[in-house]
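Visitor: File protein.cif below, mmCIF, C-alpha atoms:
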```
data_input
#
loop_
_atom_site.label_atom_id
_atom_site.label_comp_id
_atom_site.auth_asym_id
_atom_site.auth_seq_id
_atom_site.Cartn_x
_atom_site.Cartn_y
_atom_site.Cartn_z
CA MET A 13 -16.20 -16.58 8.80
CA VAL A 14 -16.83 -20.10 9.94
CA ASN A 15 -14.45 -22.80 8.87
CA LEU A 16 -16.88 -24.74 6.75
CA SER A 17 -14.98 -27.95 6.41
CA LYS A 18 -15.03 -28.50 10.12
CA HIS A 19 -18.76 -28.07 10.32
CA PHE A 20 -19.47 -31.73 9.60
CA TRP A 21 -17.05 -32.98 12.23
CA TYR A 22 -18.34 -30.56 14.81
CA LYS A 23 -21.89 -31.76 14.29
CA LEU A 24 -20.82 -35.37 14.48
CA LEU A 25 -18.65 -35.03 17.56
CA GLY A 26 -20.80 -32.38 19.24
CA LEU A 27 -18.01 -29.80 19.43
CA TYR A 28 -18.34 -26.03 19.56
CA CYS A 29 -19.73 -24.73 16.32
CA GLY A 30 -19.87 -20.98 16.20
CA GLN A 31 -17.97 -17.99 15.00
CA VAL A 32 -14.56 -17.73 16.58
CA PHE A 33 -13.35 -14.19 16.98
CA GLU A 34 -9.69 -13.36 16.68
CA LYS A 35 -7.88 -12.20 19.78
CA SER A 36 -5.71 -9.58 18.13
CA SER A 37 -6.92 -8.89 14.63
CA LEU A 38 -4.63 -5.90 14.27
CA GLN A 39 -1.37 -7.78 14.39
CA VAL A 40 0.19 -9.71 11.58
CA LYS A 41 0.73 -13.36 12.40
CA ASN A 42 2.24 -16.39 10.76
CA PHE A 43 -0.06 -19.36 10.49
CA GLY A 44 0.90 -22.98 9.93
CA ILE A 45 -1.93 -25.02 8.49
CA TRP A 46 -1.95 -28.82 8.42
CA LEU A 47 -4.38 -30.17 5.92
CA ARG A 48 -5.45 -33.27 4.06
CA TYR A 49 -6.79 -33.07 0.56
CA GLU A 50 -7.93 -35.35 -2.22
CA SER A 51 -6.20 -34.84 -5.51
CA ARG A 52 -7.25 -36.55 -8.70
CA SER A 53 -5.05 -39.56 -7.98
CA GLY A 54 -4.98 -39.89 -4.22
CA THR A 55 -5.22 -38.21 -0.88
CA HIS A 56 -2.26 -36.31 0.63
CA ASN A 57 -1.23 -34.51 3.77
CA MET A 58 0.19 -31.06 3.56
CA TYR A 59 1.68 -28.37 5.70
CA ARG A 60 1.37 -24.82 4.47
CA GLU A 61 2.21 -21.43 5.88
CA TYR A 62 0.43 -18.13 5.48
CA ARG A 63 0.77 -14.66 6.83
CA ASP A 64 -2.43 -12.92 7.85
CA LEU A 65 -4.18 -10.90 10.52
CA THR A 66 -6.72 -13.55 11.54
CA THR A 67 -7.01 -17.34 11.63
CA ALA A 68 -10.09 -17.18 9.45
CA GLY A 69 -8.22 -15.03 6.96
CA ALA A 70 -5.32 -17.47 6.83
CA VAL A 71 -7.67 -20.41 6.29
CA THR A 72 -9.42 -18.51 3.51
CA GLN A 73 -6.04 -17.88 1.92
CA CYS A 74 -5.29 -21.59 2.24
CA TYR A 75 -8.46 -22.62 0.42
CA ARG A 76 -7.80 -20.15 -2.37
CA ASP A 77 -4.17 -21.18 -2.60
CA MET A 78 -5.02 -24.90 -2.76
CA GLY A 79 -7.54 -24.22 -5.46
CA ALA A 80 -4.99 -22.26 -7.42
CA ARG A 81 -1.93 -24.45 -7.00
CA HIS A 82 -3.46 -27.92 -6.79
CA ARG A 83 -6.92 -27.43 -8.26
CA ALA A 84 -8.37 -28.72 -5.00
CA CYS A 85 -11.99 -27.83 -4.35
CA ALA A 86 -13.14 -26.83 -0.91
CA HIS A 87 -15.08 -30.04 -0.41
CA SER A 88 -11.98 -32.12 -0.93
CA ILE A 89 -9.90 -30.21 1.62
CA GLN A 90 -9.93 -31.05 5.31
CA ILE A 91 -8.16 -28.59 7.55
CA MET A 92 -6.73 -30.64 10.37
CA LYS A 93 -4.93 -28.02 12.38
CA VAL A 94 -4.32 -24.29 12.29
CA GLU A 95 -1.68 -22.89 14.56
CA GLU A 96 -0.17 -19.49 15.00
CA ILE A 97 3.56 -19.97 14.79
CA ALA A 98 6.42 -17.80 15.87
CA ALA A 99 8.53 -16.14 13.22
CA SER A 100 11.53 -18.29 14.07
CA GLN A 101 9.55 -21.48 13.46
CA CYS A 102 8.51 -20.59 9.93
CA CYS A 103 9.87 -22.94 7.31
CA ARG A 104 8.53 -21.62 4.04
CA PRO A 105 10.82 -19.07 2.35
CA VAL A 106 7.93 -16.86 1.20
CA VAL A 107 6.87 -16.31 4.78
CA LYS A 108 10.40 -16.16 6.12
CA VAL A 109 11.32 -13.24 3.88
CA LEU A 110 8.47 -11.14 5.18
CA ARG A 111 8.94 -11.85 8.84
CA CYS A 112 12.08 -9.78 9.20
CA LEU A 113 11.92 -6.63 7.15
CA TYR A 114 15.01 -5.04 8.55
CA LYS A 115 17.40 -7.78 7.53
CA PRO A 116 16.83 -8.84 3.96
CA ARG A 117 17.71 -12.46 3.48
CA PHE A 118 18.83 -13.23 -0.02
CA THR A 119 20.00 -16.73 -0.74
CA THR A 120 21.61 -18.58 -3.59
CA GLN A 121 20.20 -21.94 -2.52
CA ARG A 122 17.00 -23.44 -3.71
CA PRO A 123 14.45 -23.89 -0.93
CA ASN A 124 14.05 -27.22 0.79
CA THR A 125 10.59 -28.65 0.20
CA PHE A 126 10.77 -31.66 2.50
CA PHE A 127 10.58 -31.11 6.23
CA MET B 18 9.50 -4.16 -0.89
CA GLU B 19 12.78 -2.52 0.04
CA THR B 20 14.38 -1.82 3.40
CA GLN B 21 16.71 0.79 4.87
CA ASP B 22 19.74 -1.45 4.25
CA LYS B 23 18.95 -2.12 0.64
CA LYS B 24 18.63 1.58 -0.16
CA GLU B 25 22.32 2.06 0.55
CA TYR B 26 23.27 -0.53 -2.04
CA VAL B 27 21.39 1.27 -4.80
CA ASN B 28 23.56 2.79 -7.48
CA HIS B 29 23.03 6.50 -7.23
CA PHE B 30 23.65 7.00 -10.90
CA PHE B 31 20.54 5.12 -11.80
CA GLN B 32 17.94 4.83 -9.06
CA VAL B 33 14.67 3.60 -10.48
CA PHE B 34 12.65 3.88 -7.28
CA LYS B 35 12.92 6.78 -4.88
CA ARG B 36 10.14 5.93 -2.44
CA TYR B 37 10.12 2.55 -0.78
CA VAL B 38 7.50 0.61 1.11
CA GLU B 39 8.82 0.56 4.65
CA ILE B 40 7.59 0.70 8.21
CA GLY B 41 6.51 4.27 8.80
CA ARG B 42 6.10 5.26 5.15
CA VAL B 43 3.16 7.61 4.77
CA ALA B 44 0.92 6.71 1.87
CA TYR B 45 -1.94 8.45 0.12
CA ILE B 46 -4.96 6.26 -0.51
CA SER B 47 -6.04 6.72 -4.10
CA PHE B 48 -9.24 4.68 -4.25
CA GLY B 49 -11.54 2.69 -2.05
CA PRO B 50 -13.61 3.62 0.97
CA HIS B 51 -10.80 5.75 2.42
CA ALA B 52 -9.83 7.50 -0.79
CA GLY B 53 -8.04 10.79 -0.32
CA LYS B 54 -6.68 10.06 3.15
CA LEU B 55 -3.16 9.57 4.44
CA VAL B 56 -2.03 6.46 6.29
CA ALA B 57 1.19 5.12 7.72
CA ILE B 58 2.40 1.61 6.94
CA VAL B 59 2.70 -0.22 10.22
CA ASP B 60 3.57 -3.69 9.01
CA VAL B 61 3.66 -5.72 5.84
CA ILE B 62 1.36 -8.73 5.71
CA ASP B 63 2.39 -10.28 2.44
CA GLN B 64 3.25 -9.31 -1.10
CA ASN B 65 -0.01 -7.48 -1.72
CA ARG B 66 -1.15 -6.15 1.63
CA ALA B 67 0.08 -3.97 4.44
CA LEU B 68 -1.21 -3.31 7.91
CA VAL B 69 -1.97 0.35 7.80
CA ASP B 70 -3.03 2.98 10.33
CA GLY B 71 -4.14 6.59 10.04
CA PRO B 72 -4.87 7.89 13.52
CA CYS B 73 -4.71 11.54 12.49
CA SER B 74 -6.63 11.08 9.27
CA GLY B 75 -9.54 8.98 10.46
CA VAL B 76 -8.51 5.60 9.09
CA ARG B 77 -8.81 2.65 11.42
CA ARG B 78 -5.98 0.17 11.64
CA GLN B 79 -6.61 -2.39 8.91
CA ALA B 80 -5.16 -4.43 6.11
CA MET B 81 -4.89 -2.54 2.87
CA PRO B 82 -3.67 -3.63 -0.55
CA PHE B 83 -0.61 -1.81 -1.90
CA LYS B 84 -2.49 -1.20 -5.12
CA CYS B 85 -4.66 1.49 -3.63
CA MET B 86 -1.76 3.18 -1.88
CA GLN B 87 0.48 5.82 -3.37
CA LEU B 88 3.68 6.44 -1.45
CA THR B 89 4.52 9.95 -0.32
CA ASP B 90 7.88 11.41 0.59
CA PHE B 91 7.25 11.21 4.31
CA VAL B 92 8.55 8.47 6.57
CA LEU B 93 7.76 8.21 10.27
CA LYS B 94 9.85 6.55 12.89
CA PHE B 95 8.20 3.82 14.88
CA PRO B 96 8.87 0.10 15.32
CA HIS B 97 6.87 -2.40 13.30
CA SER B 98 3.42 -3.30 14.68
CA ALA B 99 3.57 -0.28 16.97
CA ARG B 100 0.32 0.61 18.67
CA GLN B 101 -1.89 3.36 17.35
CA LYS B 102 -0.78 5.63 20.17
CA HIS B 103 2.83 5.53 19.02
CA VAL B 104 1.86 6.06 15.41
CA ARG B 105 -0.15 9.11 16.41
CA VAL B 106 2.73 10.51 18.46
CA ALA B 107 5.15 10.08 15.56
CA TRP B 108 2.65 11.59 13.14
CA GLU B 109 2.07 14.66 15.24
CA LYS B 110 5.76 15.07 15.97
CA GLU B 111 6.54 15.19 12.25
CA ASN B 112 3.47 17.34 11.66
CA ILE B 113 2.55 15.29 8.62
CA ASN B 114 -0.86 16.90 8.09
CA GLU B 115 0.64 20.34 7.70
CA LYS B 116 3.55 19.12 5.61
CA TRP B 117 1.13 17.30 3.34
CA THR B 118 -1.09 20.33 2.70
CA GLY B 119 2.07 22.25 1.78
CA THR B 120 3.15 19.81 -0.91
CA ARG B 121 2.45 20.43 -4.56
CA TRP B 122 0.68 17.08 -4.77
CA ALA B 123 -1.92 18.08 -2.20
CA LYS B 124 -2.35 21.50 -3.79
CA LYS B 125 -2.97 19.90 -7.17
CA ILE B 126 -5.61 17.66 -5.63
CA GLU B 127 -7.24 20.66 -3.99
CA ALA B 128 -7.22 22.61 -7.25
CA ARG B 129 -8.80 19.65 -9.04
CA GLU B 130 -11.53 19.43 -6.42
CA LYS B 131 -12.20 23.14 -6.59
CA LYS B 132 -12.48 23.01 -10.35
CA ALA B 133 -14.95 20.14 -10.15
CA LYS B 134 -17.08 22.12 -7.71
CA MET B 135 -17.17 25.28 -9.84
CA THR B 136 -20.53 26.85 -10.53
CA ASP B 137 -21.34 28.74 -13.70
CA PHE B 138 -20.68 32.01 -11.91
CA ASP B 139 -17.22 30.76 -10.87
CA ARG B 140 -16.48 29.80 -14.46
CA TYR B 141 -17.53 33.27 -15.58
CA LYS B 142 -15.21 34.84 -13.00
CA VAL B 143 -12.34 32.63 -14.20
CA MET B 144 -13.03 33.58 -17.79
CA LYS B 145 -12.94 37.27 -16.96
CA ALA B 146 -9.78 36.94 -14.92
CA LYS B 147 -8.03 34.94 -17.65
CA LYS B 148 -9.07 37.48 -20.26
CA MET B 149 -7.68 40.38 -18.24
CA ARG B 150 -4.43 38.52 -17.56
CA ASN B 151 -3.91 37.58 -21.19
CA ARG B 152 -4.63 41.15 -22.28
CA ILE B 153 -1.91 42.47 -19.96
CA ILE B 154 0.56 39.86 -21.20
CA LYS B 155 -0.19 40.59 -24.85
CA HIS B 156 0.22 44.28 -24.22
CA GLU B 157 3.70 43.74 -22.77
CA VAL B 158 4.65 41.39 -25.59
CA LYS B 159 3.58 43.89 -28.21
CA LYS B 160 5.65 46.57 -26.51
CA LEU B 161 8.75 44.36 -26.53
CA GLN B 162 8.15 43.46 -30.16
CA LYS B 163 7.95 47.11 -31.14
CA GLN B 164 11.14 47.88 -29.25
CA SER B 165 13.13 45.11 -30.85
CA SER B 166 11.79 45.85 -34.33
CA LYS B 167 12.87 49.46 -33.92
CA LYS B 168 16.27 48.35 -32.63
CA PHE B 169 17.15 45.77 -35.27
CA ASN B 170 14.85 46.70 -38.10
CA ILE B 171 13.54 43.17 -38.31
CA HIS B 172 9.98 42.66 -39.47
CA PHE B 173 9.30 39.31 -37.92
CA VAL B 174 10.15 38.86 -34.29
CA SER B 175 9.08 35.90 -32.26
CA VAL B 176 8.62 36.47 -28.59
CA PHE B 177 7.98 33.75 -26.07
CA VAL B 178 5.00 34.53 -23.95
CA LEU B 179 5.34 33.62 -20.32
#
```
Show how you would write the structure in this file as structure tokens.
Guide:
Amino acid sequence: MVNLSKHFWYKLLGLYCGQVFEKSSLQVKNFGIWLRYESRSGTHNMYREYRDLTTAGAVTQCYRDMGARHRACAHSIQIMKVEEIAASQCCRPVVKVLRCLYKPRFTTQRPNTFF
Amino acid sequence: METQDKKEYVNHFFQVFKRYVEIGRVAYISFGPHAGKLVAIVDVIDQNRALVDGPCSGVRRQAMPFKCMQLTDFVLKFPHSARQKHVRVAWEKENINEKWTGTRWAKKIEAREKKAKMTDFDRYKVMKAKKMRNRIIKHEVKKLQKQSSKKFNIHFVSVFVL
């Protein structure tokens, strides 16, 4: 699945525009996604984390998640960077819980939302 | 989504869940393209999906939602994200296929399938067999009733039919 939001930039800058295949689609990875989106009042930068098998899958999750949580439409989202991150570098508690199944981490502190 | 450690903390007087989603848990797929097959949970992707592999049941390694999985009693031993080869070795070592066909669950499924495939002749055979069986049972019940009525001189005796 092609990352549609990058299509415009690729055409403009003459970059590679084709389907990117995942190297190891049978391993679960943690993805950090940097994005920029326009809300009703302004435009914001965001960093979000997702757990998926492929980059395309994680980006799809991101679009759906943004639509659900912030009512952001696909045309108002610009994905700036997608990076596969190591389990130790994950910040978001949702992703952190799942990365180590053998040591459940239960906390009494509210998660930190500013990084 | 429980782990080995958490199981030990569960109060044994009141354990709500007996089967947990864990690495190596064998699950039965209840619906979807691979319905009816067994898979092993290799890794957990997120709250709704698991990375699942069924080398000995013809299911390719893929993401599968927990909703279509039903956990069985079998757990295999392999590290998370283990390759298919290791999953297959663990599966064959535990002999899951044979163990599964011996469970009541699998037998019930088989019986259901057989019943659905019955022809009219099969139904006739079943009817005849049931009739014969019930006749034998009734005969024995009547004998016992007569015996007890003779013994205790009671007119109405209730006997529980097996």
Visitor: Give me, please, the distance in Å between CA of Arg78 in chain B and CA of Gln64 in chain B, quoted to one decimal.
Guide: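 If I compute the distance from CA of Arg78 in chain B to CA of Gln64 in chain B, I get 18.4 Å.
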Visitor: Using the chain letters and numbers from this file, what does the PyMOL selection byres ((chain A and resi 62) around 6) select? Give the answer as an mmCIF file with C-alpha atoms, keeping the file's coordinate frame.
Guide:
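Output file selection-v1.cif is given in full below:
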```cif
data_model
loop_
_atom_site.group_PDB
_atom_site.id
_atom_site.type_symbol
_atom_site.label_atom_id
_atom_site.label_comp_id
_atom_site.auth_asym_id
_atom_site.auth_seq_id
_atom_site.Cartn_x
_atom_site.Cartn_y
_atom_site.Cartn_z
ATOM 1 C CA ASN A 42 2.240 -16.390 10.760
ATOM 2 C CA PHE A 43 -0.060 -19.360 10.490
ATOM 3 C CA GLU A 61 2.210 -21.430 5.880
ATOM 4 C CA ARG A 63 0.770 -14.660 6.830
ATOM 5 C CA ALA A 70 -5.320 -17.470 6.830
#
```
Visitor: Any chance you could work out the residue set of the PyMOL selection byres ((chain B) within 7 of (chain A)) here, as a PyMOL selection string?
Guide: chain B and resi 20+62-63+78-79+98
Visitor: Considering all atoms listed in the file, state which residue in the set A:Arg104, A:Thr67, A:Tyr75, A:Cys85 is at the smallest distance from Lys35 in chain A.
Guide: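 Closest candidate: A:Thr67.
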Visitor: Specify as a ChimeraX atom specification each residue included when the PyMOL selection byres ((chain B and resi 108-118) around 10) is applied to this file.
Guide: /B:41,43,45,55-57,71-74,89-95,102-107,119-124,126-127
Visitor: Could you work out how far CA of Arg66 in chain B lies from CA of Ala80 in chain B, giving the answer in Å with one decimal?
Guide: 6.3 Å
Visitor: So how many Å separate CA of Met92 in chain A and CA of Arg48 in chain A, to one decimal?
Guide: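 Between these atoms lies a distance of 7.0 Å.
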